[in-house]
Amino acid sequence: MSEKFIKRVEYLDFLKRWQEKDVIKVISGVRRSGKSTLLKLFVNQLINEDIDSDQIQVINFEDFENQVLRNATTLYQHIKSKLIPKKMNYIFLDEIQHVSEFEKVVDSFYVMENVDVYMTGSNAYFLSGELATLLSGRYVELKMLPLSFKEFYAWKNKKQSGNLKLSKREWINEYAKSSFPYTLFIDDDKTLADYLEGIYSTILLKDVVTRIGVKDVDTLERVTQYLASIIGSEFVSKTVQNVLNTNGKKTSHETIGRFINALEETMFFYKARQYNIRGKRLLDTKFKYYLVDVGLRNILLSDAKEEAGHILENIIYLELLRRGNKVYVGKIDKYEIDFIAENHVKEKMYVQVALNTENPNTLERELRPLQMVNDQYDKYLITLDEFQPTANYEGIKKINAFDWLLND
């Protein structure tokens, strides 16, 4: 296996767990998060398990050579002609959103014996928003994110043979430059900026502008920049409109909402809704936005590095998602808890994130909302404190972000 592939252990485990199960396996995620590479890794794993290569079909629909297969009928006939009788056949359909009426093809193979179907796609609206209708009850979805800090740290340490001597905060700062897998192979900031600019432009032009028919691309970019500037802060739609209008852009509330929905659907931004702890209910009008990769802020904003606290908060939010949680912003009376993470069995975890709590007043402020929660679930204060990085405040566990990110 080439060193250009970073082994995504948790994601490979997901595919292995569902291998040959009677469901369609769907891998969705933002562009360049590693979906195609994951398929290659899994195919290699199958071959290492003595699966014959004739039993495996891999089709990437962004490859010009496969353009003719974007027609559903042609694709069906092509795959069917290569099936091996009386053996398990593994079908991998990469970037399936390019195939019109793809669900008819997938359904046809789903009902066949000895056919195991996997597919990927970048456009979340096409794959997540419509999947429940198109493939109702017949699929499981793996939602991929770019590299975790654990994956980033392991690869960097291996490459440098453990000789990269950085402080815990410096490691987090390195990771914050970008978590897209390919950026591990980029050594200078200019090339990194060019690569991230390419991802940003592709998402906007291919996944947003083309998909929803945007005519005013300038306003779309301004909305994107605004959302990037307020990660970790409560979103107020009226404020966006005022900011745009101040800059000479008369934009309706409906247009802004349409743009933001499209940015969510492409998995460029994630929305965390607010949960009222006292009332035990979600507040539909209160939420925050977080970027799929904080490195993208550097090409969107001139002062991107000044919000180190919110950048750390964004990193922790994404990691909570990676670990299989539903993540909400907590509200208790007039105070806020950065995150409430709920796992698959409805167990909760309360998380407060702060860059530094060495000032006693800051520490008191960060602890107060956690102290007000009166239940049995774990409570964490995650910081980058260098002095007294760990502590226990009557059951509230303080931990360094570096250590928390490395340990499940």
# chains A, B, ... in the order shown; residues from 1 in each chain; ligands from 1
$ select_by_dssp --residues "range 132-255 of chain A" --states "strand (DSSP E or B)" --output "list in words"
Tyr139, Val140, Glu141, Leu142, Lys143, Met144 and Glu234 of chain A
$ closest_atom_pairs --of "range 190-278 of chain A" --to "range 335-339 of chain A" --cutoff "10 Å" --atoms "only C-alpha atoms" --output "CSV"
residue,atom,partner,partner_atom,distance
A:Gly232,CA,A:Asp338,CA,8.3
A:Ser233,CA,A:Asp338,CA,10.0
A:Ala272,CA,A:Phe339,CA,8.7
A:Arg273,CA,A:Phe339,CA,9.8
A:Gln274,CA,A:Phe339,CA,9.0
A:Tyr275,CA,A:Phe339,CA,9.3
A:Asn276,CA,A:Glu336,CA,9.5
A:Ile277,CA,A:Ile337,CA,9.7
$ residues_around --residues "range 212-225 of chain A" --least-positions-apart "4" --cutoff "7 Å" --atoms "only C-alpha atoms" --output "PyMOL selection string"
chain A and resi 208+229+259+300-301
$ select_by_dssp --residues "range 75-220 of chain A" --states "helix (DSSP H, G or I)" --output "number ranges by chain"
A: 75-81, 96-98, 102-110, 124-129, 131-134, 149-159, 168-175, 181-185, 189-212, 217-220
$ closest_residue --among "A:Thr133, A:Val26, A:Arg32, A:Leu296" --to "Ile96 in chain A" --atoms "only C-alpha atoms"
A:Val26
$ atom_distance --atom1 "CA of Lys168 in chain A" --atom2 "CA of Ala341 in chain A"
24.3 Å
$ closest_residue --among "A:Thr357, A:Thr362, A:Asn298, A:Gln45" --to "Asp194 in chain A" --atoms "only C-alpha atoms"
A:Asn298
$ atom_distance --atom1 "CA of Asp284 in chain A" --atom2 "CA of Ile332 in chain A"
15.9 Å
$ residues_around --residues "Gly34 in chain A" --least-positions-apart "3" --cutoff "10 Å" --atoms "only C-alpha atoms" --output "list of chain:residue names"
A:Phe5, A:Ile6, A:Arg8, A:Gly29, A:Val30, A:Arg31, A:Thr37, A:Leu38, A:Leu39, A:Lys40, A:Met144, A:Leu145, A:Pro146, A:Leu147, A:Phe180, A:Pro181, A:Tyr182
$ atom_distance --atom1 "CA of Leu405 in chain A" --atom2 "CA of Lys280 in chain A"
28.5 Å
$ closest_residue --among "A:Ser136, A:Asn157, A:Ser252, A:Ser167" --to "Asn400 in chain A" --atoms "only C-alpha atoms"
A:Ser167
$ residues_around --residues "Ser237 in chain A" --least-positions-apart "3" --cutoff "9 Å" --atoms "only C-alpha atoms" --output "NGL selection string"
:A and (240-242 or 253 or 256-257)
